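Visitor: Quick one: this structure, given as structure tokens, is what I'll be asking you about.
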Amino acid sequence: MSVGRVVRAEISTEPFDENEVVAQTKDDKAGAIIMFNGVVRNHDHGDQVESIEYSSHELAEKVLREIATEIASRDGIHAVSAVHRTGLVKVGETAMVVVVAGSHRSMTFEAASDFVDEIKARVPVWKKQNFPDGNHEWAGLTDL
């Protein structure tokens, strides 16, 4: 069994090009490439959201790479990438992209879904949701 490549696993203070991440993660052995594009939406639990300020712990990128390595080690997964923004991200902008290249569709969808779930559960990235009235709310707090 061959182990897939971790192409990118990074926490970025700058916007990034999702299509570039997909292009970097492509693999000739892959019959499926799945991209999850996490975008800041304009609402949460019935409240309007204006933007999100993401912050992260210094270990966030290390944890992200660990998760990427776990996903890449699955049978039939050839390459993976994940990039998560920090700083101010406005409605409509990408906060996170996850890309998985695998042999077949079903295993690739499952790996991509698990990748996103593990990032949300384990990577120490927190978000402060900013509302139009000037109030804010912290969400996504995880323990190390």
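How things are named: the first chain in the structure tokens is A, the next is B, and so on; residues count from 1 in each chain; ligands count from 1 in the order shown.
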Please list as an mmCIF file with C-alpha atoms, in the first residue's frame every residue within 12 Å of Lys127 of chain A, counting only C-alpha atoms and excluding residues in the same chain fewer than 3 positions away.

Guide:
data_model
loop_
_atom_site.group_PDB
_atom_site.id
_atom_site.type_symbol
_atom_site.label_atom_id
_atom_site.label_comp_id
_atom_site.auth_asym_id
_atom_site.auth_seq_id
_atom_site.Cartn_x
_atom_site.Cartn_y
_atom_site.Cartn_z
ATOM 1 C CA VAL A 40 -18.117 32.780 5.290
ATOM 2 C CA VAL A 49 -23.017 37.958 10.117
ATOM 3 C CA SER A 51 -17.412 38.998 8.849
ATOM 4 C CA ILE A 52 -15.396 36.512 10.878
ATOM 5 C CA GLU A 53 -12.046 37.083 12.533
ATOM 6 C CA TYR A 54 -10.148 33.798 12.772
ATOM 7 C CA SER A 55 -7.305 33.336 15.200
ATOM 8 C CA SER A 56 -5.192 30.278 15.835
ATOM 9 C CA HIS A 57 -2.840 28.717 18.318
ATOM 10 C CA HIS A 84 -7.235 27.639 6.649
ATOM 11 C CA ARG A 85 -7.309 31.421 6.844
ATOM 12 C CA THR A 86 -6.732 33.534 9.912
ATOM 13 C CA GLY A 87 -7.477 37.209 10.290
ATOM 14 C CA LEU A 88 -10.528 39.042 8.982
ATOM 15 C CA VAL A 89 -12.552 37.101 6.396
ATOM 16 C CA ALA A 95 -12.043 30.607 5.051
ATOM 17 C CA LYS A 120 -13.158 21.450 12.837
ATOM 18 C CA PRO A 124 -7.095 25.132 17.403
ATOM 19 C CA ASN A 130 -18.966 40.100 13.805
ATOM 20 C CA HIS A 136 -19.728 39.842 18.226
ATOM 21 C CA GLU A 137 -19.727 36.220 19.366
ATOM 22 C CA TRP A 138 -16.904 33.701 19.741
ATOM 23 C CA ALA A 139 -17.509 30.262 18.241
ATOM 24 C CA GLY A 140 -15.557 27.091 17.483
ATOM 25 C CA LEU A 141 -13.530 27.143 20.681
ATOM 26 C CA THR A 142 -11.609 23.902 21.089
#

Visitor: So that I can check the surroundings of Met35 of chain A, please list as a PDB file with N, CA and C atoms, in the first residue's frame every protein, DNA and RNA residue that reaches within 8 Å of it, counting only C-alpha atoms and ignoring chain neighbours fewer than 3 positions away.

Guide:
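Wrote selection_16.pdb, looks like this:
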ATOM      1  N   VAL A  22      -6.143  23.129  -5.743  1.00  0.00           N
ATOM      2  CA  VAL A  22      -6.614  21.951  -6.475  1.00  0.00           C
ATOM      3  C   VAL A  22      -5.552  21.504  -7.475  1.00  0.00           C
ATOM      4  N   VAL A  97     -10.065  25.680   2.564  1.00  0.00           N
ATOM      5  CA  VAL A  97     -10.206  24.781   1.427  1.00  0.00           C
ATOM      6  C   VAL A  97      -9.539  23.457   1.792  1.00  0.00           C
ATOM      7  N   VAL A  98     -10.216  22.377   1.433  1.00  0.00           N
ATOM      8  CA  VAL A  98      -9.695  21.021   1.621  1.00  0.00           C
ATOM      9  C   VAL A  98      -9.797  20.332   0.266  1.00  0.00           C
ATOM     10  N   VAL A  99      -8.711  19.689  -0.159  1.00  0.00           N
ATOM     11  CA  VAL A  99      -8.694  18.980  -1.432  1.00  0.00           C
ATOM     12  C   VAL A  99      -8.152  17.575  -1.192  1.00  0.00           C
ATOM     13  N   VAL A 100      -8.863  16.588  -1.739  1.00  0.00           N
ATOM     14  CA  VAL A 100      -8.441  15.193  -1.637  1.00  0.00           C
ATOM     15  C   VAL A 100      -8.484  14.582  -3.029  1.00  0.00           C
ATOM     16  N   ALA A 112     -12.605  13.331   2.201  1.00  0.00           N
ATOM     17  CA  ALA A 112     -12.746  14.786   2.259  1.00  0.00           C
ATOM     18  C   ALA A 112     -13.671  15.203   3.397  1.00  0.00           C
TER      19      ALA A 112
END

Visitor: My list of candidates is A:Met96, A:Val123, A:Ala68, A:Ala101. Which is closest to Pro15 of chain A when distances are computed with only C-alpha atoms?

Guide: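 Going through A:Met96, A:Val123, A:Ala68, A:Ala101 one by one, the smallest distance to Pro15 of chain A is for A:Met96.
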
Visitor: Write out as an mmCIF file with all heavy atoms, in the first residue's frame each polymer residue whose atoms come within 8 Å of Ile119 of chain A, counting only C-alpha atoms; drop sequence neighbours fewer than 4 positions from it.

Guide:
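In the end it all went to selection-v2.cif:
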data_model
loop_
_atom_site.group_PDB
_atom_site.id
_atom_site.type_symbol
_atom_site.label_atom_id
_atom_site.label_comp_id
_atom_site.auth_asym_id
_atom_site.auth_seq_id
_atom_site.Cartn_x
_atom_site.Cartn_y
_atom_site.Cartn_z
ATOM 1 N N LEU A 64 -2.937 20.483 11.943
ATOM 2 C CA LEU A 64 -3.498 20.366 10.596
ATOM 3 C C LEU A 64 -2.682 19.375 9.768
ATOM 4 O O LEU A 64 -3.234 18.524 9.073
ATOM 5 C CB LEU A 64 -3.532 21.738 9.920
ATOM 6 C CG LEU A 64 -4.119 21.805 8.511
ATOM 7 C CD1 LEU A 64 -5.562 21.312 8.495
ATOM 8 C CD2 LEU A 64 -4.021 23.224 7.976
ATOM 9 N N ILE A 67 -3.409 15.751 10.814
ATOM 10 C CA ILE A 67 -4.678 15.275 10.255
ATOM 11 C C ILE A 67 -4.506 14.963 8.766
ATOM 12 O O ILE A 67 -4.974 13.927 8.282
ATOM 13 C CB ILE A 67 -5.804 16.310 10.473
ATOM 14 C CG1 ILE A 67 -6.060 16.501 11.970
ATOM 15 C CG2 ILE A 67 -7.076 15.890 9.750
ATOM 16 C CD1 ILE A 67 -6.886 17.725 12.299
ATOM 17 N N PHE A 115 -11.879 14.656 6.638
ATOM 18 C CA PHE A 115 -10.824 15.661 6.762
ATOM 19 C C PHE A 115 -11.404 16.950 7.339
ATOM 20 O O PHE A 115 -10.883 17.506 8.314
ATOM 21 C CB PHE A 115 -10.229 15.892 5.370
ATOM 22 C CG PHE A 115 -8.856 16.503 5.313
ATOM 23 C CD1 PHE A 115 -8.243 16.675 4.081
ATOM 24 C CD2 PHE A 115 -8.161 16.924 6.444
ATOM 25 C CE1 PHE A 115 -6.973 17.236 3.973
ATOM 26 C CE2 PHE A 115 -6.891 17.481 6.349
ATOM 27 C CZ PHE A 115 -6.296 17.649 5.108
ATOM 28 N N VAL A 123 -8.275 21.152 15.163
ATOM 29 C CA VAL A 123 -7.326 22.244 14.902
ATOM 30 C C VAL A 123 -7.722 23.461 15.746
ATOM 31 O O VAL A 123 -8.864 23.920 15.680
ATOM 32 C CB VAL A 123 -7.283 22.598 13.398
ATOM 33 C CG1 VAL A 123 -6.357 23.784 13.161
ATOM 34 C CG2 VAL A 123 -6.814 21.393 12.587
#

Visitor: Suppose you want the space between atom CA of Val21 of chain A and atom CA of Thr94 of chain A; what is it in Å?

Guide: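 According to the coordinates, atom CA of Val21 of chain A and atom CA of Thr94 of chain A are separated by 12.5 Å.
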
Visitor: How far is it from atom CA of Gly102 of chain A to atom CA of Val6 of chain A, in Å with one decimal?

Guide: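 Computing it gives 12.6 Å between the two atoms.
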